[in-house]
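Peer 1: Questions regarding the structure given below will be posed in turn.
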Amino acid sequence: MKIRQLKNRLLKEERRRRTNSPRRRRLRRALLLGLLLLTALAVFCWNQRDAINLYRYHQAETLARQGDYGAAVNDLQQLAAAVSDSPLAPRSLLLAGQLLEFNLRQYQQALLVYLRLVRDFPRAQQAVAAQRRAAAIYKQRLHEYSSALTLLQRLVDAGVDDADQIRYQIADCYFLLENYEQARIEFESLLKSDPESELLPEVQYRVGMTYLLDELPDKAAAAFAEGIRRWPGNRFALESRFALAGIYEQRDELRKALAELKKLQGHYPEAKVLEHRIKQVRRRMAKKKKAI
């Protein structure tokens, strides 16, 4: 029994001796040092992540400046996917969309990138710019005016600074959809809501055009006359006077038509067109006089 106890004690002492041997202590220290270095490297890489990603963004910009737009777009989209929790993601998507739209003229692909930005990063400052460009592509390139209307109305609801410009685009979309009544409602609303807007002379002229296209010449004439009265020197007042002369001519009020056209001489930008109309009205007056 004593021999077995002695044997066990000797085995324990041997294990303790081996555990505390210089070689094992060095191994433990090396492992601990390695773990500390790995931790420090991980912290360093995490802290440098933004710098690395910003470098990738600038590299994509360099590719774009060199004319390699396709590679730049690819890198920007990959970067946006890799840093979806960073402000660099919407920034990368906006630039990718702009390169697709303006440089590669790939409007459908640009639209998808803009809409992705608006969907995934609605609160990012780039979302407003992306929404504007998406609406412009729908309206100007794809002629999908109803889709453009949805995005434009969201911009107005968001309280953008140039709300009068956006409201004008909304009215113009209805005009292009040949919904002249709704276009007129939007134009007249703009006249009331933004009395200081530089667009008002044009808006007043377009109110008259909606009446004219809806075959309401009396109301069109009143709208054109209002534009002439309020902004007499504006180019849209000149267009209003030209249109008003056309209404008088349709009514066979040729003297009134001629009087309005003569007021445009020296001012109307299309001088040849104006002189042709004046001659046309005078010929009609001469024929009418002979008939009498």
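Naming works like this for the structure tokens: A, B, ... for the chains as they're shown, residue 1 at the start of each chain, ligands 1 onward in shown order.
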Compile a residue-level contact table for segment 157-195 of chain A against segment 111-132 of chain A at a cut-off of 12 Å, reporting for every qualifying residue the shortest atom pair and its distance in Å to one decimal, with only C-alpha atoms counted, rows ordered by chain and ascending number, as a tab-separated table.
Peer 2:
residue	atom	partner	partner_atom	distance
A:Asp157	CA	A:Val128	CA	11.7
A:Ala158	CA	A:Val128	CA	9.0
A:Gly159	CA	A:Val128	CA	10.6
A:Val160	CA	A:Val128	CA	8.5
A:Asp161	CA	A:Val128	CA	11.2
A:Asp162	CA	A:Arg132	CA	11.5
A:Ala163	CA	A:Arg132	CA	11.9
A:Gln165	CA	A:Arg132	CA	11.3
A:Ile166	CA	A:Arg132	CA	9.1
A:Gln169	CA	A:Arg132	CA	10.8
Peer 1: Running DSSP on the backbone, which parts of segment 95-166 of chain A land in alpha helix (DSSP H), as a ChimeraX atom specification?
Peer 2: /A:95-98,107-120,126-136,145-157,163-166
Peer 1: Segment 217-233 of chain A: which residues within 8 Å, counting only C-alpha atoms, same-chain residues fewer than 5 positions away excluded, as a list in words?
Peer 2: Pro201, Gln204, Tyr205, Val207, Gly208, Met209, Thr210, Tyr211, Leu212, Leu238, Ser240, Arg241, Ala243, Leu244 and Ile247 of chain A
Peer 1: Go ahead and write the selection's residues with N, CA, C and O atoms as a PDB file, in the first residue's frame.
Peer 2:
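Once everything was written out, this is part18.pdb:
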ATOM      1  N   PRO A 201     -44.120  82.542 -65.270  1.00  0.00           N
ATOM      2  CA  PRO A 201     -44.531  82.943 -66.620  1.00  0.00           C
ATOM      3  C   PRO A 201     -44.763  81.743 -67.544  1.00  0.00           C
ATOM      4  O   PRO A 201     -45.740  81.717 -68.303  1.00  0.00           O
ATOM      5  N   GLN A 204     -48.009  79.907 -66.428  1.00  0.00           N
ATOM      6  CA  GLN A 204     -49.218  80.596 -66.893  1.00  0.00           C
ATOM      7  C   GLN A 204     -49.465  80.318 -68.379  1.00  0.00           C
ATOM      8  O   GLN A 204     -50.609  80.079 -68.795  1.00  0.00           O
ATOM      9  N   TYR A 205     -48.396  80.338 -69.158  1.00  0.00           N
ATOM     10  CA  TYR A 205     -48.525  80.030 -70.588  1.00  0.00           C
ATOM     11  C   TYR A 205     -49.054  78.610 -70.793  1.00  0.00           C
ATOM     12  O   TYR A 205     -49.933  78.370 -71.631  1.00  0.00           O
ATOM     13  N   VAL A 207     -50.851  76.845 -68.738  1.00  0.00           N
ATOM     14  CA  VAL A 207     -52.273  76.786 -68.361  1.00  0.00           C
ATOM     15  C   VAL A 207     -53.121  77.107 -69.586  1.00  0.00           C
ATOM     16  O   VAL A 207     -54.103  76.424 -69.892  1.00  0.00           O
ATOM     17  N   GLY A 208     -52.727  78.170 -70.303  1.00  0.00           N
ATOM     18  CA  GLY A 208     -53.447  78.531 -71.522  1.00  0.00           C
ATOM     19  C   GLY A 208     -53.422  77.407 -72.550  1.00  0.00           C
ATOM     20  O   GLY A 208     -54.442  77.114 -73.202  1.00  0.00           O
ATOM     21  N   MET A 209     -52.282  76.729 -72.688  1.00  0.00           N
ATOM     22  CA  MET A 209     -52.167  75.637 -73.651  1.00  0.00           C
ATOM     23  C   MET A 209     -53.078  74.466 -73.285  1.00  0.00           C
ATOM     24  O   MET A 209     -53.654  73.822 -74.166  1.00  0.00           O
ATOM     25  N   THR A 210     -53.215  74.184 -71.985  1.00  0.00           N
ATOM     26  CA  THR A 210     -54.109  73.078 -71.591  1.00  0.00           C
ATOM     27  C   THR A 210     -55.554  73.399 -71.963  1.00  0.00           C
ATOM     28  O   THR A 210     -56.294  72.517 -72.418  1.00  0.00           O
ATOM     29  N   TYR A 211     -55.956  74.664 -71.783  1.00  0.00           N
ATOM     30  CA  TYR A 211     -57.309  75.060 -72.194  1.00  0.00           C
ATOM     31  C   TYR A 211     -57.465  74.934 -73.708  1.00  0.00           C
ATOM     32  O   TYR A 211     -58.500  74.477 -74.206  1.00  0.00           O
ATOM     33  N   LEU A 212     -56.435  75.345 -74.433  1.00  0.00           N
ATOM     34  CA  LEU A 212     -56.495  75.297 -75.885  1.00  0.00           C
ATOM     35  C   LEU A 212     -56.629  73.850 -76.377  1.00  0.00           C
ATOM     36  O   LEU A 212     -57.424  73.550 -77.270  1.00  0.00           O
ATOM     37  N   LEU A 238     -44.450  86.598 -74.758  1.00  0.00           N
ATOM     38  CA  LEU A 238     -44.420  86.709 -76.210  1.00  0.00           C
ATOM     39  C   LEU A 238     -45.119  85.520 -76.859  1.00  0.00           C
ATOM     40  O   LEU A 238     -45.898  85.676 -77.803  1.00  0.00           O
ATOM     41  N   SER A 240     -47.381  83.745 -75.433  1.00  0.00           N
ATOM     42  CA  SER A 240     -48.807  83.896 -75.115  1.00  0.00           C
ATOM     43  C   SER A 240     -49.479  84.841 -76.111  1.00  0.00           C
ATOM     44  O   SER A 240     -50.603  84.593 -76.559  1.00  0.00           O
ATOM     45  N   ARG A 241     -48.808  85.929 -76.463  1.00  0.00           N
ATOM     46  CA  ARG A 241     -49.384  86.879 -77.424  1.00  0.00           C
ATOM     47  C   ARG A 241     -49.527  86.220 -78.798  1.00  0.00           C
ATOM     48  O   ARG A 241     -50.526  86.439 -79.510  1.00  0.00           O
ATOM     49  N   ALA A 243     -49.942  83.018 -79.366  1.00  0.00           N
ATOM     50  CA  ALA A 243     -51.052  82.065 -79.259  1.00  0.00           C
ATOM     51  C   ALA A 243     -52.390  82.800 -79.241  1.00  0.00           C
ATOM     52  O   ALA A 243     -53.376  82.340 -79.846  1.00  0.00           O
ATOM     53  N   LEU A 244     -52.431  83.934 -78.546  1.00  0.00           N
ATOM     54  CA  LEU A 244     -53.672  84.726 -78.486  1.00  0.00           C
ATOM     55  C   LEU A 244     -54.062  85.212 -79.882  1.00  0.00           C
ATOM     56  O   LEU A 244     -55.247  85.200 -80.253  1.00  0.00           O
ATOM     57  N   ILE A 247     -55.836  82.499 -81.639  1.00  0.00           N
ATOM     58  CA  ILE A 247     -57.234  82.348 -81.224  1.00  0.00           C
ATOM     59  C   ILE A 247     -58.111  83.379 -81.935  1.00  0.00           C
ATOM     60  O   ILE A 247     -59.194  83.056 -82.443  1.00  0.00           O
TER      61      ILE A 247
END
Peer 1: Write out as a CSV table (one decimal) with all heavy atoms, in the first residue's frame the residues lying within 10 Å of Glu61 of chain A, counting only C-alpha atoms and excluding same-chain residues fewer than 2 positions away.
Peer 2:
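For reference, around_23.csv as written:
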chain,number,residue,atom,x,y,z
A,55,TYR,N,-10.1,53.7,-50.1
A,55,TYR,CA,-9.0,53.6,-51.2
A,55,TYR,C,-9.7,52.9,-52.4
A,55,TYR,O,-9.4,53.2,-53.5
A,55,TYR,CB,-7.9,52.8,-50.6
A,55,TYR,CG,-6.8,52.4,-51.7
A,55,TYR,CD1,-5.9,53.3,-52.1
A,55,TYR,CD2,-6.8,51.1,-52.2
A,55,TYR,CE1,-5.0,53.0,-53.1
A,55,TYR,CE2,-5.9,50.8,-53.2
A,55,TYR,CZ,-5.0,51.7,-53.6
A,55,TYR,OH,-4.1,51.4,-54.6
A,56,ARG,N,-10.5,51.8,-52.1
A,56,ARG,CA,-11.1,51.1,-53.2
A,56,ARG,C,-12.1,52.0,-54.0
A,56,ARG,O,-12.2,52.0,-55.2
A,56,ARG,CB,-11.9,49.9,-52.6
A,56,ARG,CG,-11.1,48.8,-52.1
A,56,ARG,CD,-12.0,47.7,-51.4
A,56,ARG,NE,-12.8,47.1,-52.4
A,56,ARG,CZ,-13.8,46.2,-52.1
A,56,ARG,NH1,-14.0,45.9,-50.8
A,56,ARG,NH2,-14.5,45.7,-53.0
A,57,TYR,N,-12.8,52.9,-53.2
A,57,TYR,CA,-13.7,53.9,-53.9
A,57,TYR,C,-12.9,54.8,-54.8
A,57,TYR,O,-13.2,55.1,-56.0
A,57,TYR,CB,-14.4,54.7,-52.8
A,57,TYR,CG,-15.3,55.7,-53.4
A,57,TYR,CD1,-16.6,55.4,-53.8
A,57,TYR,CD2,-14.9,57.0,-53.6
A,57,TYR,CE1,-17.5,56.3,-54.3
A,57,TYR,CE2,-15.8,58.0,-54.1
A,57,TYR,CZ,-17.1,57.6,-54.5
A,57,TYR,OH,-17.9,58.6,-55.0
A,58,HIS,N,-11.7,55.3,-54.3
A,58,HIS,CA,-10.9,56.2,-55.1
A,58,HIS,C,-10.3,55.5,-56.3
A,58,HIS,O,-10.1,56.1,-57.4
A,58,HIS,CB,-9.8,56.8,-54.3
A,58,HIS,CG,-10.3,57.8,-53.2
A,58,HIS,ND1,-11.3,58.7,-53.5
A,58,HIS,CD2,-10.0,58.0,-51.9
A,58,HIS,CE1,-11.6,59.5,-52.5
A,58,HIS,NE2,-10.8,59.1,-51.5
A,59,GLN,N,-10.0,54.2,-56.2
A,59,GLN,CA,-9.5,53.4,-57.3
A,59,GLN,C,-10.6,53.3,-58.4
A,59,GLN,O,-10.3,53.4,-59.6
A,59,GLN,CB,-9.1,52.0,-56.8
A,59,GLN,CG,-7.8,52.0,-56.1
A,59,GLN,CD,-6.6,52.4,-56.9
A,59,GLN,OE1,-6.1,53.6,-56.9
A,59,GLN,NE2,-6.1,51.5,-57.7
A,63,LEU,N,-10.5,54.6,-62.3
A,63,LEU,CA,-10.9,53.9,-63.5
A,63,LEU,C,-11.8,54.7,-64.3
A,63,LEU,O,-11.7,54.7,-65.6
A,63,LEU,CB,-11.5,52.6,-63.1
A,63,LEU,CG,-10.6,51.5,-62.5
A,63,LEU,CD1,-11.4,50.3,-62.0
A,63,LEU,CD2,-9.6,51.0,-63.6
A,64,ALA,N,-12.8,55.4,-63.7
A,64,ALA,CA,-13.7,56.2,-64.4
A,64,ALA,C,-13.1,57.3,-65.1
A,64,ALA,O,-13.4,57.6,-66.3
A,64,ALA,CB,-14.8,56.7,-63.5
A,65,ARG,N,-12.1,58.0,-64.5
A,65,ARG,CA,-11.4,59.1,-65.1
A,65,ARG,C,-10.6,58.6,-66.3
A,65,ARG,O,-10.4,59.3,-67.3
A,65,ARG,CB,-10.5,59.8,-64.1
A,65,ARG,CG,-11.2,60.7,-63.2
A,65,ARG,CD,-10.2,61.6,-62.5
A,65,ARG,NE,-9.3,60.8,-61.6
A,65,ARG,CZ,-9.5,60.5,-60.3
A,65,ARG,NH1,-10.7,61.0,-59.8
A,65,ARG,NH2,-8.7,59.9,-59.6
A,66,GLN,N,-10.1,57.3,-66.3
A,66,GLN,CA,-9.4,56.7,-67.4
A,66,GLN,C,-10.3,56.2,-68.5
A,66,GLN,O,-9.8,55.7,-69.5
A,66,GLN,CB,-8.5,55.6,-66.8
A,66,GLN,CG,-7.4,56.1,-65.9
A,66,GLN,CD,-6.7,55.0,-65.2
A,66,GLN,OE1,-7.1,53.8,-65.2
A,66,GLN,NE2,-5.5,55.3,-64.6
A,67,GLY,N,-11.6,56.3,-68.3
A,67,GLY,CA,-12.5,55.9,-69.3
A,67,GLY,C,-12.9,54.4,-69.2
A,67,GLY,O,-13.7,54.0,-70.1
A,68,ASP,N,-12.5,53.7,-68.2
A,68,ASP,CA,-12.9,52.3,-68.0
A,68,ASP,C,-14.1,52.3,-67.2
A,68,ASP,O,-14.1,51.8,-66.0
A,68,ASP,CB,-11.7,51.5,-67.4
A,68,ASP,CG,-11.9,50.0,-67.5
A,68,ASP,OD1,-13.0,49.6,-68.0
A,68,ASP,OD2,-11.0,49.3,-67.2
A,69,TYR,N,-15.2,52.7,-67.7
A,69,TYR,CA,-16.5,52.9,-67.0
A,69,TYR,C,-17.0,51.6,-66.5
A,69,TYR,O,-17.6,51.5,-65.4
A,69,TYR,CB,-17.5,53.7,-67.8
A,69,TYR,CG,-17.0,55.0,-68.3
A,69,TYR,CD1,-16.9,55.2,-69.7
A,69,TYR,CD2,-16.6,56.0,-67.4
A,69,TYR,CE1,-16.4,56.4,-70.2
A,69,TYR,CE2,-16.1,57.2,-67.9
A,69,TYR,CZ,-16.0,57.4,-69.3
A,69,TYR,OH,-15.5,58.6,-69.7
A,72,ALA,N,-15.2,50.3,-63.5
A,72,ALA,CA,-15.5,51.2,-62.4
A,72,ALA,C,-16.8,50.9,-61.8
A,72,ALA,O,-17.0,50.8,-60.5
A,72,ALA,CB,-15.4,52.7,-62.8
A,73,VAL,N,-17.8,50.7,-62.6
A,73,VAL,CA,-19.2,50.3,-62.2
A,73,VAL,C,-19.2,49.0,-61.4
A,73,VAL,O,-19.8,48.9,-60.3
A,73,VAL,CB,-20.2,50.3,-63.3
A,73,VAL,CG1,-21.5,49.6,-62.9
A,73,VAL,CG2,-20.4,51.7,-63.9
A,75,ASP,N,-16.6,47.6,-59.8
A,75,ASP,CA,-15.9,47.7,-58.6
A,75,ASP,C,-16.8,48.5,-57.5
A,75,ASP,O,-16.8,48.1,-56.4
A,75,ASP,CB,-14.6,48.5,-58.7
A,75,ASP,CG,-13.6,47.6,-59.4
A,75,ASP,OD1,-13.8,46.4,-59.7
A,75,ASP,OD2,-12.5,48.1,-59.7
A,76,LEU,N,-17.5,49.5,-58.0
A,76,LEU,CA,-18.4,50.2,-57.1
A,76,LEU,C,-19.5,49.4,-56.6
A,76,LEU,O,-19.9,49.5,-55.4
A,76,LEU,CB,-18.9,51.5,-57.8
A,76,LEU,CG,-17.9,52.6,-58.1
A,76,LEU,CD1,-18.4,53.6,-59.1
A,76,LEU,CD2,-17.5,53.3,-56.8
A,92,SER,N,-21.2,54.9,-53.3
A,92,SER,CA,-20.7,54.1,-54.4
A,92,SER,C,-21.8,53.8,-55.4
A,92,SER,O,-21.6,53.8,-56.6
A,92,SER,CB,-20.2,52.7,-53.8
A,92,SER,OG,-19.1,53.0,-52.9
A,95,LEU,N,-22.6,56.9,-57.6
A,95,LEU,CA,-21.6,57.1,-58.7
A,95,LEU,C,-21.7,56.0,-59.8
A,95,LEU,O,-21.6,56.3,-61.0
A,95,LEU,CB,-20.2,57.0,-58.1
A,95,LEU,CG,-19.0,57.2,-59.1
A,95,LEU,CD1,-19.2,58.5,-59.9
A,95,LEU,CD2,-17.7,57.2,-58.4
A,96,ALA,N,-22.0,54.8,-59.3
A,96,ALA,CA,-22.2,53.7,-60.3
A,96,ALA,C,-23.4,54.0,-61.2
A,96,ALA,O,-23.3,53.8,-62.5
A,96,ALA,CB,-22.4,52.3,-59.6
Peer 1: I want to know what sits within 9 Å of Tyr174 of chain A, based on only C-alpha atoms, with residues of the same chain fewer than 4 positions away left out; could you give that as a ChimeraX atom specification?
Peer 2: /A:145-146,149,169-170,178-184,186
Peer 1: Would you save the residues of that selection, restricted to N, CA and C atoms, as a PDB file, in the first residue's frame?
Peer 2:
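Written file, part-v3.pdb:
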ATOM      1  N   TYR A 145     -44.353  57.865 -67.851  1.00  0.00           N
ATOM      2  CA  TYR A 145     -44.686  59.063 -67.092  1.00  0.00           C
ATOM      3  C   TYR A 145     -45.358  58.745 -65.760  1.00  0.00           C
ATOM      4  N   SER A 146     -46.142  57.692 -65.723  1.00  0.00           N
ATOM      5  CA  SER A 146     -46.806  57.324 -64.464  1.00  0.00           C
ATOM      6  C   SER A 146     -45.792  56.918 -63.407  1.00  0.00           C
ATOM      7  N   LEU A 149     -44.129  59.990 -62.113  1.00  0.00           N
ATOM      8  CA  LEU A 149     -45.011  60.725 -61.201  1.00  0.00           C
ATOM      9  C   LEU A 149     -44.878  60.238 -59.770  1.00  0.00           C
ATOM     10  N   GLN A 169     -42.532  69.461 -62.957  1.00  0.00           N
ATOM     11  CA  GLN A 169     -42.326  68.175 -63.619  1.00  0.00           C
ATOM     12  C   GLN A 169     -43.553  67.269 -63.483  1.00  0.00           C
ATOM     13  N   ILE A 170     -44.193  67.324 -62.330  1.00  0.00           N
ATOM     14  CA  ILE A 170     -45.419  66.538 -62.130  1.00  0.00           C
ATOM     15  C   ILE A 170     -46.497  66.984 -63.112  1.00  0.00           C
ATOM     16  N   GLU A 178     -51.414  63.421 -71.723  1.00  0.00           N
ATOM     17  CA  GLU A 178     -52.591  64.026 -72.360  1.00  0.00           C
ATOM     18  C   GLU A 178     -53.777  64.141 -71.402  1.00  0.00           C
ATOM     19  N   ASN A 179     -53.458  64.172 -70.121  1.00  0.00           N
ATOM     20  CA  ASN A 179     -54.475  64.448 -69.103  1.00  0.00           C
ATOM     21  C   ASN A 179     -54.394  65.950 -68.817  1.00  0.00           C
ATOM     22  N   TYR A 180     -54.963  66.741 -69.740  1.00  0.00           N
ATOM     23  CA  TYR A 180     -54.781  68.186 -69.683  1.00  0.00           C
ATOM     24  C   TYR A 180     -55.489  68.821 -68.488  1.00  0.00           C
ATOM     25  N   GLU A 181     -56.590  68.244 -68.089  1.00  0.00           N
ATOM     26  CA  GLU A 181     -57.306  68.796 -66.935  1.00  0.00           C
ATOM     27  C   GLU A 181     -56.459  68.679 -65.672  1.00  0.00           C
ATOM     28  N   GLN A 182     -55.879  67.480 -65.443  1.00  0.00           N
ATOM     29  CA  GLN A 182     -55.049  67.308 -64.250  1.00  0.00           C
ATOM     30  C   GLN A 182     -53.768  68.131 -64.350  1.00  0.00           C
ATOM     31  N   ALA A 183     -53.219  68.230 -65.556  1.00  0.00           N
ATOM     32  CA  ALA A 183     -52.037  69.072 -65.745  1.00  0.00           C
ATOM     33  C   ALA A 183     -52.355  70.512 -65.371  1.00  0.00           C
ATOM     34  N   ARG A 184     -53.511  70.978 -65.785  1.00  0.00           N
ATOM     35  CA  ARG A 184     -53.925  72.356 -65.476  1.00  0.00           C
ATOM     36  C   ARG A 184     -54.092  72.540 -63.963  1.00  0.00           C
ATOM     37  N   GLU A 186     -52.487  70.983 -61.653  1.00  0.00           N
ATOM     38  CA  GLU A 186     -51.136  71.031 -61.066  1.00  0.00           C
ATOM     39  C   GLU A 186     -50.455  72.362 -61.371  1.00  0.00           C
TER      40      GLU A 186
END
Peer 1: Under the rule that only C-alpha atoms are counted, which of A:Leu177, A:Ile278, A:Leu216, A:Ala71 is the nearest residue to Phe242 of chain A?
Peer 2: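 For Phe242 of chain A, the nearest of the candidates is A:Ile278.
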Peer 1: What is the distance between atom CA of Ala82 of chain A and atom CA of Ile137 of chain A, in Å to one decimal?
Peer 2: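 If I compute the distance from atom CA of Ala82 of chain A to atom CA of Ile137 of chain A, I get 27.3 Å.
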Peer 1: To one decimal place in Å, what is the distance between atom CA of Ala81 of chain A and atom CA of Asn53 of chain A?
Peer 2: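 Those two atoms sit 11.5 Å apart.
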Peer 1: If you measure from atom CA of Phe187 of chain A to atom CA of Arg167 of chain A, what distance in Å do you get, rounded to one decimal?
Peer 2: 7.9 Å
Peer 1: Would you mind listing what lies within 12 Å of His267 of chain A as a count of residues only, with only C-alpha atoms counted and same-chain residues fewer than 2 positions away left out?
Peer 2: 21
Peer 1: Which one of A:Ser86, A:Asn74, A:Thr62, A:Ser147 sits closest to Leu100 of chain A if you count only C-alpha atoms?
Peer 2: A:Asn74
